[in-house]
$ cat structure-v9.pdb   # PDB, C-alpha atoms
ATOM      1  CA  MET A   1      18.593 -69.045 -16.899  1.00  0.00           C
ATOM      2  CA  GLU A   2      21.847 -70.548 -15.620  1.00  0.00           C
ATOM      3  CA  THR A   3      23.372 -68.476 -12.816  1.00  0.00           C
ATOM      4  CA  PRO A   4      26.811 -68.693 -11.158  1.00  0.00           C
ATOM      5  CA  PHE A   5      25.122 -68.917  -7.739  1.00  0.00           C
ATOM      6  CA  ARG A   6      22.041 -70.425  -6.140  1.00  0.00           C
ATOM      7  CA  VAL A   7      18.963 -68.240  -6.576  1.00  0.00           C
ATOM      8  CA  THR A   8      16.954 -68.197  -3.361  1.00  0.00           C
ATOM      9  CA  ALA A   9      13.860 -66.207  -2.419  1.00  0.00           C
ATOM     10  CA  ALA A  10      16.159 -63.789  -0.565  1.00  0.00           C
ATOM     11  CA  THR A  11      18.313 -63.380  -3.690  1.00  0.00           C
ATOM     12  CA  LEU A  12      15.199 -62.595  -5.705  1.00  0.00           C
ATOM     13  CA  ASP A  13      14.121 -60.029  -3.107  1.00  0.00           C
ATOM     14  CA  VAL A  14      17.517 -58.299  -3.306  1.00  0.00           C
ATOM     15  CA  LEU A  15      17.461 -58.372  -7.124  1.00  0.00           C
ATOM     16  CA  GLU A  16      13.995 -56.821  -7.137  1.00  0.00           C
ATOM     17  CA  VAL A  17      15.165 -54.012  -4.848  1.00  0.00           C
ATOM     18  CA  LEU A  18      18.159 -53.328  -7.094  1.00  0.00           C
ATOM     19  CA  LEU A  19      16.057 -53.479 -10.274  1.00  0.00           C
ATOM     20  CA  GLY A  20      13.493 -51.073  -8.833  1.00  0.00           C
ATOM     21  CA  ALA A  21      16.068 -48.544  -7.640  1.00  0.00           C
ATOM     22  CA  ARG A  22      16.467 -45.307  -9.589  1.00  0.00           C
ATOM     23  CA  GLU A  23      19.984 -44.800  -8.231  1.00  0.00           C
ATOM     24  CA  GLU A  24      22.678 -46.700  -6.400  1.00  0.00           C
ATOM     25  CA  LEU A  25      21.754 -47.862  -2.906  1.00  0.00           C
ATOM     26  CA  HIS A  26      23.892 -48.289   0.189  1.00  0.00           C
ATOM     27  CA  GLY A  27      23.847 -51.756   1.694  1.00  0.00           C
ATOM     28  CA  PHE A  28      21.555 -50.990   4.603  1.00  0.00           C
ATOM     29  CA  ALA A  29      19.012 -49.409   2.223  1.00  0.00           C
ATOM     30  CA  VAL A  30      18.944 -52.755   0.386  1.00  0.00           C
ATOM     31  CA  VAL A  31      18.464 -54.516   3.732  1.00  0.00           C
ATOM     32  CA  ARG A  32      15.520 -52.282   4.679  1.00  0.00           C
ATOM     33  CA  ALA A  33      13.859 -52.427   1.253  1.00  0.00           C
ATOM     34  CA  SER A  34      14.204 -56.202   0.940  1.00  0.00           C
ATOM     35  CA  GLY A  35      12.972 -56.924   4.465  1.00  0.00           C
ATOM     36  CA  ARG A  36      15.803 -59.433   4.866  1.00  0.00           C
ATOM     37  CA  PRO A  37      18.393 -59.473   7.667  1.00  0.00           C
ATOM     38  CA  THR A  38      21.874 -58.043   7.165  1.00  0.00           C
ATOM     39  CA  GLY A  39      23.419 -61.511   7.553  1.00  0.00           C
ATOM     40  CA  THR A  40      21.449 -62.599   4.495  1.00  0.00           C
ATOM     41  CA  VAL A  41      21.707 -59.482   2.298  1.00  0.00           C
ATOM     42  CA  TYR A  42      25.426 -58.704   2.514  1.00  0.00           C
ATOM     43  CA  PRO A  43      26.549 -62.189   1.402  1.00  0.00           C
ATOM     44  CA  ILE A  44      24.082 -61.954  -1.512  1.00  0.00           C
ATOM     45  CA  LEU A  45      25.527 -58.565  -2.501  1.00  0.00           C
ATOM     46  CA  GLY A  46      28.997 -60.138  -2.404  1.00  0.00           C
ATOM     47  CA  ARG A  47      27.930 -63.037  -4.644  1.00  0.00           C
ATOM     48  CA  LEU A  48      26.266 -60.661  -7.111  1.00  0.00           C
ATOM     49  CA  GLU A  49      29.410 -58.541  -7.235  1.00  0.00           C
ATOM     50  CA  ASP A  50      31.665 -61.602  -7.681  1.00  0.00           C
ATOM     51  CA  ALA A  51      29.452 -62.683 -10.600  1.00  0.00           C
ATOM     52  CA  GLY A  52      29.820 -59.258 -12.265  1.00  0.00           C
ATOM     53  CA  TRP A  53      26.143 -58.414 -11.835  1.00  0.00           C
ATOM     54  CA  LEU A  54      26.786 -55.669  -9.313  1.00  0.00           C
ATOM     55  CA  GLU A  55      29.198 -52.753  -9.040  1.00  0.00           C
ATOM     56  CA  SER A  56      30.032 -51.048  -5.765  1.00  0.00           C
ATOM     57  CA  ARG A  57      31.925 -48.067  -4.441  1.00  0.00           C
ATOM     58  CA  TRP A  58      32.795 -46.786  -1.001  1.00  0.00           C
ATOM     59  CA  GLU A  59      31.624 -43.399   0.178  1.00  0.00           C
ATOM     60  CA  LEU A  60      34.617 -41.065   0.090  1.00  0.00           C
ATOM     61  CA  GLU A  61      34.000 -39.237   3.351  1.00  0.00           C
ATOM     62  CA  HIS A  62      32.171 -39.630   6.629  1.00  0.00           C
ATOM     63  CA  PRO A  63      29.178 -37.355   6.089  1.00  0.00           C
ATOM     64  CA  GLU A  64      28.147 -37.571   9.758  1.00  0.00           C
ATOM     65  CA  VAL A  65      30.342 -37.810  12.823  1.00  0.00           C
ATOM     66  CA  GLY A  66      30.297 -41.295  14.298  1.00  0.00           C
ATOM     67  CA  ARG A  67      28.841 -43.041  11.245  1.00  0.00           C
ATOM     68  CA  PRO A  68      31.072 -45.337   9.164  1.00  0.00           C
ATOM     69  CA  ARG A  69      31.442 -44.882   5.442  1.00  0.00           C
ATOM     70  CA  ARG A  70      28.766 -46.593   3.388  1.00  0.00           C
ATOM     71  CA  ARG A  71      29.199 -48.891   0.438  1.00  0.00           C
ATOM     72  CA  PHE A  72      26.913 -48.141  -2.501  1.00  0.00           C
ATOM     73  CA  TYR A  73      25.658 -50.764  -4.962  1.00  0.00           C
ATOM     74  CA  ALA A  74      24.174 -50.661  -8.455  1.00  0.00           C
ATOM     75  CA  LEU A  75      23.530 -53.362 -11.031  1.00  0.00           C
ATOM     76  CA  SER A  76      26.018 -53.435 -13.910  1.00  0.00           C
ATOM     77  CA  ALA A  77      24.701 -53.387 -17.483  1.00  0.00           C
ATOM     78  CA  ALA A  78      25.126 -57.156 -17.671  1.00  0.00           C
ATOM     79  CA  GLY A  79      23.603 -57.466 -14.202  1.00  0.00           C
ATOM     80  CA  VAL A  80      20.430 -55.640 -15.214  1.00  0.00           C
ATOM     81  CA  ALA A  81      19.834 -58.030 -18.110  1.00  0.00           C
ATOM     82  CA  ALA A  82      20.663 -61.112 -16.035  1.00  0.00           C
ATOM     83  CA  ALA A  83      18.606 -59.969 -13.024  1.00  0.00           C
ATOM     84  CA  GLU A  84      15.592 -59.195 -15.205  1.00  0.00           C
ATOM     85  CA  ALA A  85      15.796 -62.637 -16.810  1.00  0.00           C
ATOM     86  CA  VAL A  86      16.062 -64.430 -13.450  1.00  0.00           C
ATOM     87  CA  VAL A  87      13.291 -62.422 -11.769  1.00  0.00           C
ATOM     88  CA  LEU A  88      10.970 -62.873 -14.760  1.00  0.00           C
ATOM     89  CA  GLU A  89      11.679 -66.602 -14.861  1.00  0.00           C
ATOM     90  CA  GLN A  90      11.174 -67.104 -11.114  1.00  0.00           C
ATOM     91  CA  ARG A  91       8.454 -64.565 -10.278  1.00  0.00           C
ATOM     92  CA  GLY A  92       6.770 -63.897 -13.620  1.00  0.00           C
ATOM     93  CA  LYS A  93       7.022 -60.095 -13.447  1.00  0.00           C
ATOM     94  CA  LEU A  94       9.501 -57.290 -12.900  1.00  0.00           C
ATOM     95  CA  PRO A  95       9.307 -54.850 -10.005  1.00  0.00           C
ATOM     96  CA  LYS A  96       7.994 -51.364 -10.654  1.00  0.00           C
ATOM     97  CA  PRO A  97      10.612 -48.613 -10.392  1.00  0.00           C
ATOM     98  CA  GLU A  98      10.579 -46.656  -7.155  1.00  0.00           C
ATOM     99  CA  PRO A  99       8.851 -43.273  -7.401  1.00  0.00           C
ATOM    100  CA  GLU A 100      11.154 -40.236  -7.700  1.00  0.00           C
ATOM    101  CA  GLY A 101      12.557 -39.095  -4.373  1.00  0.00           C
ATOM    102  CA  SER A 102      11.545 -42.212  -2.441  1.00  0.00           C
ATOM    103  CA  GLN A 103      15.088 -43.239  -1.629  1.00  0.00           C
TER     104      GLN A 103
END
$ encode --input "structure-v9.pdb" --output "structure tokens"
Amino acid sequence: METPFRVTAATLDVLEVLLGAREELHGFAVVRASGRPTGTVYPILGRLEDAGWLESRWELEHPEVGRPRRRFYALSAAGVAAAEAVVLEQRGKLPKPEPEGSQ
């Protein structure tokens, strides 16, 4: 599949995390689940969003004193189809969805 960005192993890891998520994830949750450093994951999230594969929103309030607002990410409808195609092509299988309540 032709993509508007270079698909690296790190990109595939991030796509698998997003495909396996049952709900939107904040950026650091994607970092932890992918096992990749923040300096790798956040640029990937930006590229996915620029390509229309990902939608994001900022948390409206500071739920805890001293913690910055989080940005939440979820694949768009087009992003799900594109991510599935790329992951299947590159890795030969799709990730299993996360069990309920694991995030």
$ resolve_selection --input "structure-v9.pdb" --expression "the PyMOL selection byres ((chain A and resi 12-29) around 7)" --output "PDB file with C-alpha atoms, in the frame of the given file"
ATOM      1  CA  VAL A   7      18.963 -68.240  -6.576  1.00  0.00           C
ATOM      2  CA  THR A   8      16.954 -68.197  -3.361  1.00  0.00           C
ATOM      3  CA  ALA A   9      13.860 -66.207  -2.419  1.00  0.00           C
ATOM      4  CA  ALA A  10      16.159 -63.789  -0.565  1.00  0.00           C
ATOM      5  CA  THR A  11      18.313 -63.380  -3.690  1.00  0.00           C
ATOM      6  CA  VAL A  30      18.944 -52.755   0.386  1.00  0.00           C
ATOM      7  CA  VAL A  31      18.464 -54.516   3.732  1.00  0.00           C
ATOM      8  CA  ARG A  32      15.520 -52.282   4.679  1.00  0.00           C
ATOM      9  CA  ALA A  33      13.859 -52.427   1.253  1.00  0.00           C
ATOM     10  CA  SER A  34      14.204 -56.202   0.940  1.00  0.00           C
ATOM     11  CA  ARG A  70      28.766 -46.593   3.388  1.00  0.00           C
ATOM     12  CA  ARG A  71      29.199 -48.891   0.438  1.00  0.00           C
ATOM     13  CA  PHE A  72      26.913 -48.141  -2.501  1.00  0.00           C
ATOM     14  CA  TYR A  73      25.658 -50.764  -4.962  1.00  0.00           C
ATOM     15  CA  ALA A  74      24.174 -50.661  -8.455  1.00  0.00           C
ATOM     16  CA  LEU A  75      23.530 -53.362 -11.031  1.00  0.00           C
ATOM     17  CA  VAL A  80      20.430 -55.640 -15.214  1.00  0.00           C
ATOM     18  CA  ALA A  83      18.606 -59.969 -13.024  1.00  0.00           C
ATOM     19  CA  VAL A  87      13.291 -62.422 -11.769  1.00  0.00           C
ATOM     20  CA  PRO A  95       9.307 -54.850 -10.005  1.00  0.00           C
ATOM     21  CA  LYS A  96       7.994 -51.364 -10.654  1.00  0.00           C
ATOM     22  CA  PRO A  97      10.612 -48.613 -10.392  1.00  0.00           C
ATOM     23  CA  GLU A  98      10.579 -46.656  -7.155  1.00  0.00           C
TER      24      GLU A  98
END
$ closest_residue --input "structure-v9.pdb" --among "A:Arg57, A:Leu94, A:Pro63, A:Phe5" --to "A:Pro43" --atoms "all atoms listed in the file"
A:Phe5
$ atom_distance --input "structure-v9.pdb" --atom1 "atom CA of A:Glu55" --atom2 "atom CA of A:Ala78"
10.5 Å
$ atom_distance --input "structure-v9.pdb" --atom1 "atom CA of A:Ala51" --atom2 "atom CA of A:Gly35"
23.1 Å
$ atom_distance --input "structure-v9.pdb" --atom1 "atom CA of A:Ala82" --atom2 "atom CA of A:Gly46"
16.0 Å
